[in-house]
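S.K.: mmCIF, C-alpha atoms and all ligand atoms, file target-v2.cif:
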```
data_start
#
loop_
_atom_site.label_atom_id
_atom_site.label_comp_id
_atom_site.auth_asym_id
_atom_site.auth_seq_id
_atom_site.Cartn_x
_atom_site.Cartn_y
_atom_site.Cartn_z
CA MET J 29 48.13 -1.79 86.82
CA GLU J 30 44.41 -2.51 87.07
CA GLN J 31 43.75 -6.17 87.72
CA LYS J 32 40.97 -7.96 85.87
CA ILE J 33 38.69 -10.03 88.07
CA ILE J 34 37.74 -13.62 87.25
CA VAL J 35 34.93 -15.10 89.34
CA GLY J 36 34.18 -18.81 89.13
CA ASN J 37 30.60 -19.56 90.09
CA TRP J 38 30.42 -23.31 90.67
CA LYS J 39 26.66 -23.13 91.29
CA ASN J 40 25.60 -26.68 92.21
CA TYR J 41 27.65 -28.40 89.53
CA LEU J 42 30.27 -30.08 91.73
CA ASN J 43 29.96 -32.61 94.54
CA LYS J 44 32.20 -32.56 97.61
CA ASP J 45 35.09 -34.57 96.19
CA GLU J 46 35.04 -32.64 92.92
CA SER J 47 34.98 -29.30 94.77
CA VAL J 48 37.94 -30.29 96.96
CA LYS J 49 39.89 -31.63 93.96
CA LEU J 50 39.35 -28.49 91.91
CA ALA J 51 40.20 -26.24 94.88
CA LYS J 52 43.52 -28.10 95.29
CA GLU J 53 44.26 -27.71 91.58
CA ILE J 54 43.55 -23.97 91.84
CA LEU J 55 45.79 -23.76 94.89
CA ASP J 56 48.70 -24.91 92.69
CA GLU J 57 47.83 -22.44 89.94
CA LYS J 58 50.23 -19.54 89.33
CA ILE J 59 47.87 -16.58 89.01
CA PRO J 60 49.22 -13.80 86.75
CA ASP J 61 49.73 -10.44 88.53
CA LYS J 62 47.15 -8.76 86.32
CA ILE J 63 44.43 -11.21 87.42
CA ARG J 64 42.41 -11.55 90.63
CA VAL J 65 40.50 -14.80 91.10
CA MET J 66 37.42 -15.41 93.23
CA ILE J 67 35.73 -18.79 93.57
CA SER J 68 32.14 -19.29 94.64
CA PRO J 69 31.50 -22.92 95.62
CA ASN J 70 28.23 -24.51 96.60
CA ASN J 71 27.30 -23.46 100.17
CA LEU J 72 27.66 -26.99 101.48
CA TYR J 73 31.37 -27.03 100.62
CA LEU J 74 32.13 -23.35 101.08
CA ASN J 75 33.96 -23.89 104.35
CA GLN J 76 36.05 -26.76 103.03
CA VAL J 77 37.00 -24.94 99.83
CA ASN J 78 37.82 -21.81 101.83
CA ASP J 79 40.09 -23.82 104.13
CA ILE J 80 42.05 -24.97 101.09
CA LEU J 81 42.23 -21.68 99.21
CA LYS J 82 42.86 -19.36 102.14
CA GLN J 83 46.53 -20.31 101.75
CA SER J 84 46.46 -18.58 98.34
CA SER J 85 45.51 -15.22 96.81
CA VAL J 86 42.26 -16.75 95.55
CA GLU J 87 39.24 -15.40 97.41
CA VAL J 88 36.40 -17.76 98.27
CA ILE J 89 32.99 -16.11 98.22
CA GLY J 90 29.35 -17.02 98.79
CA GLN J 91 26.70 -17.56 96.13
CA ASN J 92 23.98 -15.70 97.99
CA VAL J 93 23.02 -14.15 101.30
CA THR J 94 19.47 -13.92 102.61
CA SER J 95 19.73 -11.96 105.87
CA TYR J 96 22.15 -10.34 108.28
CA LYS J 97 21.77 -12.55 111.31
CA SER J 98 18.17 -13.68 111.37
CA SER J 99 17.88 -16.93 113.29
CA SER J 100 14.45 -17.52 111.76
CA ASP J 101 15.70 -17.87 108.18
CA THR J 102 15.31 -21.58 107.37
CA GLY J 103 17.52 -22.56 104.48
CA GLY J 104 18.96 -19.07 104.30
CA VAL J 105 22.53 -17.84 104.40
CA THR J 106 23.41 -15.04 106.82
CA ILE J 107 26.20 -12.50 106.72
CA ILE J 108 27.10 -13.50 110.26
CA GLY J 109 27.34 -17.16 109.19
CA LEU J 110 29.56 -16.33 106.22
CA LYS J 111 31.84 -14.13 108.34
CA ASP J 112 32.02 -16.89 110.91
CA ILE J 113 33.71 -19.17 108.36
CA GLY J 114 36.00 -16.41 107.10
CA VAL J 115 34.02 -15.45 104.00
CA ASP J 116 33.52 -11.72 103.51
CA ARG J 117 32.03 -11.43 100.05
CA THR J 118 29.09 -12.93 98.18
CA ILE J 119 27.37 -12.96 94.82
CA LEU J 120 23.93 -11.31 95.10
CA GLY J 121 20.90 -11.29 92.85
CA HIS J 122 22.08 -13.97 90.44
CA SER J 123 19.36 -14.56 87.83
CA GLU J 124 18.92 -18.11 89.13
CA VAL J 125 18.12 -16.65 92.57
CA ARG J 126 15.76 -14.08 91.01
CA LYS J 127 14.01 -16.86 89.07
CA ARG J 128 13.47 -18.90 92.23
CA ASN J 129 12.28 -15.90 94.21
CA LYS J 130 10.07 -13.86 91.91
CA SER J 131 9.69 -11.09 94.47
CA PHE J 132 13.47 -10.70 94.93
CA LYS J 133 14.45 -7.06 95.27
CA SER J 134 18.14 -6.43 95.71
CA GLU J 135 17.44 -3.26 97.75
CA GLU J 136 15.89 -5.32 100.54
CA ILE J 137 18.95 -7.46 101.19
CA LEU J 138 21.37 -4.64 100.32
CA LYS J 139 19.89 -2.62 103.18
CA GLU J 140 21.34 -5.29 105.49
CA VAL J 141 24.55 -5.93 103.55
CA ILE J 142 25.73 -2.35 102.86
CA PRO J 143 25.73 -1.01 106.45
CA GLU J 144 27.82 -4.06 107.43
CA GLU J 145 30.24 -3.26 104.59
CA PHE J 146 29.97 -6.89 103.58
CA LYS J 147 31.45 -7.07 100.08
CA PHE J 148 29.24 -8.24 97.23
CA ILE J 149 28.96 -8.76 93.50
CA LEU J 150 25.50 -7.64 92.43
CA CYS J 151 24.28 -9.33 89.25
CA PHE J 152 21.94 -7.45 86.94
CA GLU J 153 20.29 -8.14 83.62
CA GLY J 154 18.99 -4.62 83.12
CA ILE J 155 20.20 -1.25 84.36
CA GLU J 156 16.91 -0.77 86.24
CA GLN J 157 18.00 -3.57 88.61
CA ILE J 158 20.90 -1.48 89.92
CA PRO J 159 19.96 0.59 93.00
CA PHE J 160 22.50 3.34 92.21
CA ASN J 161 21.26 5.55 95.06
CA ILE J 162 22.31 3.13 97.79
CA LEU J 163 25.72 2.17 96.39
CA ASN J 164 28.87 3.81 97.76
CA ASN J 165 32.67 3.78 97.61
CA ASP J 166 33.18 2.90 101.27
CA PHE J 167 34.09 -0.72 100.59
CA GLU J 168 34.46 -2.93 97.52
CA ILE J 169 31.23 -3.29 95.58
CA ILE J 170 31.28 -5.05 92.20
CA LEU J 171 28.54 -5.26 89.57
CA ALA J 172 28.11 -8.09 87.06
CA TYR J 173 26.15 -7.73 83.85
CA GLU J 174 24.58 -11.10 83.19
CA PRO J 175 22.08 -11.25 80.31
CA VAL J 176 19.90 -14.21 81.24
CA TRP J 177 19.77 -15.56 77.69
CA ALA J 178 23.56 -15.98 77.78
CA ILE J 179 23.78 -17.86 81.09
CA GLY J 180 24.54 -21.53 80.64
CA THR J 181 23.33 -21.45 77.03
CA GLY J 182 26.64 -21.31 75.16
CA GLU J 183 25.45 -18.04 73.58
CA THR J 184 27.75 -15.19 74.51
CA ALA J 185 26.84 -11.53 74.13
CA SER J 186 28.84 -9.71 71.46
CA VAL J 187 31.55 -7.35 72.69
CA GLU J 188 29.61 -4.49 71.05
CA HIS J 189 26.59 -5.35 73.20
CA ILE J 190 28.68 -5.79 76.36
CA ASN J 191 30.44 -2.44 75.75
CA GLU J 192 27.13 -0.68 75.17
CA VAL J 193 25.63 -1.90 78.48
CA HIS J 194 28.85 -1.46 80.48
CA GLY J 195 29.30 2.02 78.98
CA MET J 196 25.77 3.01 80.00
CA VAL J 197 26.24 1.74 83.56
CA LYS J 198 29.70 3.30 83.89
CA SER J 199 28.34 6.65 82.81
CA GLU J 200 25.63 6.49 85.53
CA LEU J 201 28.26 5.44 88.08
CA SER J 202 30.57 8.28 87.14
CA LYS J 203 27.75 10.85 87.54
CA LEU J 204 27.58 9.66 91.15
CA ASN J 205 31.38 9.48 91.53
CA LEU J 206 31.08 5.76 92.17
CA ASP J 207 34.17 3.70 91.49
CA ILE J 208 32.65 0.27 90.91
CA PRO J 209 34.01 -2.39 88.53
CA ILE J 210 31.66 -4.20 86.15
CA LEU J 211 32.07 -7.83 85.19
CA TYR J 212 30.41 -9.62 82.29
CA GLY J 213 28.88 -13.06 82.74
CA GLY J 214 27.22 -15.38 80.25
CA SER J 215 28.88 -18.39 78.61
CA VAL J 216 32.43 -17.12 79.01
CA ASN J 217 34.86 -19.84 77.96
CA PRO J 218 38.51 -20.23 76.90
CA ASP J 219 37.63 -19.30 73.30
CA ASN J 220 35.99 -15.95 74.05
CA SER J 221 37.63 -14.89 77.34
CA ASN J 222 40.57 -13.07 75.76
CA GLU J 223 38.35 -10.90 73.58
CA ILE J 224 35.92 -10.11 76.41
CA LEU J 225 38.56 -9.45 79.06
CA SER J 226 40.54 -7.25 76.66
CA GLN J 227 37.71 -4.71 76.51
CA GLU J 228 38.50 -1.56 78.44
CA LEU J 229 34.95 -1.35 79.75
CA VAL J 230 35.07 -4.91 81.07
CA ASP J 231 36.69 -5.16 84.51
CA GLY J 232 36.39 -8.92 84.68
CA VAL J 233 34.20 -11.94 84.01
CA LEU J 234 31.81 -14.08 86.01
CA VAL J 235 32.16 -17.63 84.75
CA GLY J 236 29.75 -20.46 85.52
CA GLY J 237 30.11 -23.79 83.69
CA ALA J 238 33.66 -23.25 82.39
CA SER J 239 34.94 -22.50 85.89
CA THR J 240 34.05 -26.00 87.08
CA ASN J 241 36.64 -27.60 84.80
CA TYR J 242 40.30 -27.04 85.68
CA ASP J 243 41.60 -26.93 82.09
CA ASP J 244 39.05 -24.33 81.03
CA LEU J 245 39.51 -22.24 84.17
CA HIS J 246 43.30 -22.39 83.77
CA LYS J 247 43.00 -21.16 80.17
CA ILE J 248 40.67 -18.31 81.17
CA ILE J 249 42.98 -17.23 84.02
CA ASN J 250 45.89 -17.17 81.59
CA CYS J 251 44.13 -15.81 78.51
CA LEU J 252 45.46 -12.24 78.57
C1 LIG M 1 26.70 -17.69 85.79
O1 LIG M 1 26.37 -18.68 86.43
O2 LIG M 1 26.66 -16.57 86.31
C2 LIG M 1 27.14 -17.85 84.42
C3 LIG M 1 27.53 -16.78 83.77
O3 LIG M 1 27.13 -19.12 83.93
P1 LIG M 1 27.75 -19.62 82.52
O4 LIG M 1 29.16 -19.08 82.45
O5 LIG M 1 27.70 -21.09 82.60
O6 LIG M 1 26.91 -19.03 81.44
#
```
Represent the structure from my file as structure tokens, please.

M.R.:
Amino acid sequence: MEQKIIVGNWKNYLNKDESVKLAKEILDEKIPDKIRVMISPNNLYLNQVNDILKQSSVEVIGQNVTSYKSSSDTGGVTIIGLKDIGVDRTILGHSEVRKRNKSFKSEEILKEVIPEEFKFILCFEGIEQIPFNILNNDFEIILAYEPVWAIGTGETASVEHINEVHGMVKSELSKLNLDIPILYGGSVNPDNSNEILSQELVDGVLVGGASTNYDDLHKIINCL
């Protein structure tokens, strides 16, 4: 049975106490077999949240990475640093990162991430942002379609639209024999998660706002 992936991106919504409280609530959650959960807390609390959730099947992941091990990367997040605290996956190229860094090119950081086989979820708004030629099946790579107009706006893409984009990307991936799941992200909530996650072309969802509230996250995890 293929598991559907649910990623909770807490962005910078929660403070330390709120992050710890929510992590403990998630620790007590019974995750259905057909679901895999990943949680991406704010960097400041990543270590603490990981310490809590490493006792569970929930994977704690980074929100970004800026270099492999550069020691001259002020304010950055390195792969070495993430590995050091037991984190081996990160979100990459989120639209909020692209907005902050107008010259962001995923290829540049992927050239450091891919040879290390450091797992990642690459966000894209358009198919042209996917560097198909450097992707591979050697370790787990995940893509996430995130139309920027749907992020944090309460406006969700229609399933027809999601299927069209996911279908297009999956067809490119299959030409290259790449076995890479695609998530959808953009205002996923308990009311629309069942419909979105039920789509065959949707391998999971990346959830921002709704993942920062236990009741909503619980409903999304149990929506299928
Ligand atoms: C996101 O942060 O990637 C996201 C999809 O946010 P939201 O669910 O709040 O739209």

S.K.: Sorted by chain and rising residue number, which residues of chain J lie within 8 Å of ligand LIG 1 (chain M), and what are their closest atom pairs and distances in Å to one decimal, counting all atoms listed in the file, as CSV?

M.R.:
```
residue,atom,partner,partner_atom,distance
J:Asn37,CA,M:LIG1,O1,5.7
J:Trp38,CA,M:LIG1,O1,7.5
J:Lys39,CA,M:LIG1,O1,6.6
J:His122,CA,M:LIG1,O2,6.7
J:Ser123,CA,M:LIG1,O2,7.7
J:Glu124,CA,M:LIG1,O1,7.9
J:Glu174,CA,M:LIG1,C3,6.4
J:Ala178,CA,M:LIG1,O6,5.8
J:Ile179,CA,M:LIG1,O6,3.4
J:Gly180,CA,M:LIG1,O6,3.5
J:Thr181,CA,M:LIG1,O6,6.2
J:Gly182,CA,M:LIG1,O6,6.7
J:Thr184,CA,M:LIG1,O6,8.0
J:Tyr212,CA,M:LIG1,C3,7.9
J:Gly213,CA,M:LIG1,C3,4.1
J:Gly214,CA,M:LIG1,C3,3.8
J:Ser215,CA,M:LIG1,O6,3.5
J:Val216,CA,M:LIG1,O4,5.1
J:Asn217,CA,M:LIG1,O4,7.3
J:Leu234,CA,M:LIG1,C3,5.5
J:Val235,CA,M:LIG1,O4,4.0
J:Gly236,CA,M:LIG1,O3,3.3
J:Gly237,CA,M:LIG1,O5,3.8
J:Ala238,CA,M:LIG1,O4,6.1
J:Ser239,CA,M:LIG1,O4,7.5
```

S.K.: Can you write out as JSON lines which residues of segment 79-149 of chain J fall within 10 Å of segment 61-71 of chain J, alongside each residue's closest atom pair and its distance in Å to one decimal, counting all atoms listed in the file and ordering rows by chain and ascending residue number?

M.R.:
```
{"residue": "J:Leu81", "atom": "CA", "partner": "J:Ile67", "partner_atom": "CA", "distance": 9.1}
{"residue": "J:Ser85", "atom": "CA", "partner": "J:Val65", "partner_atom": "CA", "distance": 7.6}
{"residue": "J:Val86", "atom": "CA", "partner": "J:Val65", "partner_atom": "CA", "distance": 5.2}
{"residue": "J:Glu87", "atom": "CA", "partner": "J:Met66", "partner_atom": "CA", "distance": 4.6}
{"residue": "J:Val88", "atom": "CA", "partner": "J:Ile67", "partner_atom": "CA", "distance": 4.9}
{"residue": "J:Ile89", "atom": "CA", "partner": "J:Ser68", "partner_atom": "CA", "distance": 4.9}
{"residue": "J:Gly90", "atom": "CA", "partner": "J:Ser68", "partner_atom": "CA", "distance": 5.5}
{"residue": "J:Gln91", "atom": "CA", "partner": "J:Ser68", "partner_atom": "CA", "distance": 5.9}
{"residue": "J:Asn92", "atom": "CA", "partner": "J:Asn71", "partner_atom": "CA", "distance": 8.7}
{"residue": "J:Val105", "atom": "CA", "partner": "J:Asn71", "partner_atom": "CA", "distance": 8.5}
{"residue": "J:Leu110", "atom": "CA", "partner": "J:Asn71", "partner_atom": "CA", "distance": 9.6}
{"residue": "J:Arg117", "atom": "CA", "partner": "J:Ser68", "partner_atom": "CA", "distance": 9.5}
{"residue": "J:Thr118", "atom": "CA", "partner": "J:Ser68", "partner_atom": "CA", "distance": 7.9}
{"residue": "J:Ile119", "atom": "CA", "partner": "J:Ser68", "partner_atom": "CA", "distance": 7.9}
```

S.K.: Around the point (30.4, 3.1, 86.2) in the file's coordinates, collect all residues with an atom within 10 Å, using only C-alpha atoms, and return them as a PyMOL selection string.

M.R.: chain J and resi 160+171+194-210+229

S.K.: Generate the output file for the selected residues, C-alpha atoms, as a PDB file, in the frame of the given file.

M.R.:
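Final file, result-v3.pdb:
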```
ATOM      1  CA  PHE J 160      22.500   3.340  92.210  1.00  0.00           C
ATOM      2  CA  LEU J 171      28.540  -5.260  89.570  1.00  0.00           C
ATOM      3  CA  HIS J 194      28.850  -1.460  80.480  1.00  0.00           C
ATOM      4  CA  GLY J 195      29.300   2.020  78.980  1.00  0.00           C
ATOM      5  CA  MET J 196      25.770   3.010  80.000  1.00  0.00           C
ATOM      6  CA  VAL J 197      26.240   1.740  83.560  1.00  0.00           C
ATOM      7  CA  LYS J 198      29.700   3.300  83.890  1.00  0.00           C
ATOM      8  CA  SER J 199      28.340   6.650  82.810  1.00  0.00           C
ATOM      9  CA  GLU J 200      25.630   6.490  85.530  1.00  0.00           C
ATOM     10  CA  LEU J 201      28.260   5.440  88.080  1.00  0.00           C
ATOM     11  CA  SER J 202      30.570   8.280  87.140  1.00  0.00           C
ATOM     12  CA  LYS J 203      27.750  10.850  87.540  1.00  0.00           C
ATOM     13  CA  LEU J 204      27.580   9.660  91.150  1.00  0.00           C
ATOM     14  CA  ASN J 205      31.380   9.480  91.530  1.00  0.00           C
ATOM     15  CA  LEU J 206      31.080   5.760  92.170  1.00  0.00           C
ATOM     16  CA  ASP J 207      34.170   3.700  91.490  1.00  0.00           C
ATOM     17  CA  ILE J 208      32.650   0.270  90.910  1.00  0.00           C
ATOM     18  CA  PRO J 209      34.010  -2.390  88.530  1.00  0.00           C
ATOM     19  CA  ILE J 210      31.660  -4.200  86.150  1.00  0.00           C
ATOM     20  CA  LEU J 229      34.950  -1.350  79.750  1.00  0.00           C
TER      21      LEU J 229
END
```

S.K.: Work out how far atom CA of Ser134 of chain J is from atom CA of Asp101 of chain J, in Å to one decimal.

M.R.: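 Atom CA of Ser134 of chain J lies 17.1 Å from atom CA of Asp101 of chain J.
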
S.K.: Return the single residue from J:Ile33, J:Ile162, J:Ile155, J:Leu120 that is closest to Lys139 of chain J, with distances computed using all atoms listed in the file.

M.R.: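 When distances to Lys139 of chain J are compared using all atoms listed in the file, the smallest one comes from J:Ile162.
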
S.K.: Which residue out of J:Asn220, J:Asn43, J:Ser95, J:Asn191 has the minimum interatomic distance to Glu136 of chain J when only C-alpha atoms are used?

M.R.: J:Ser95
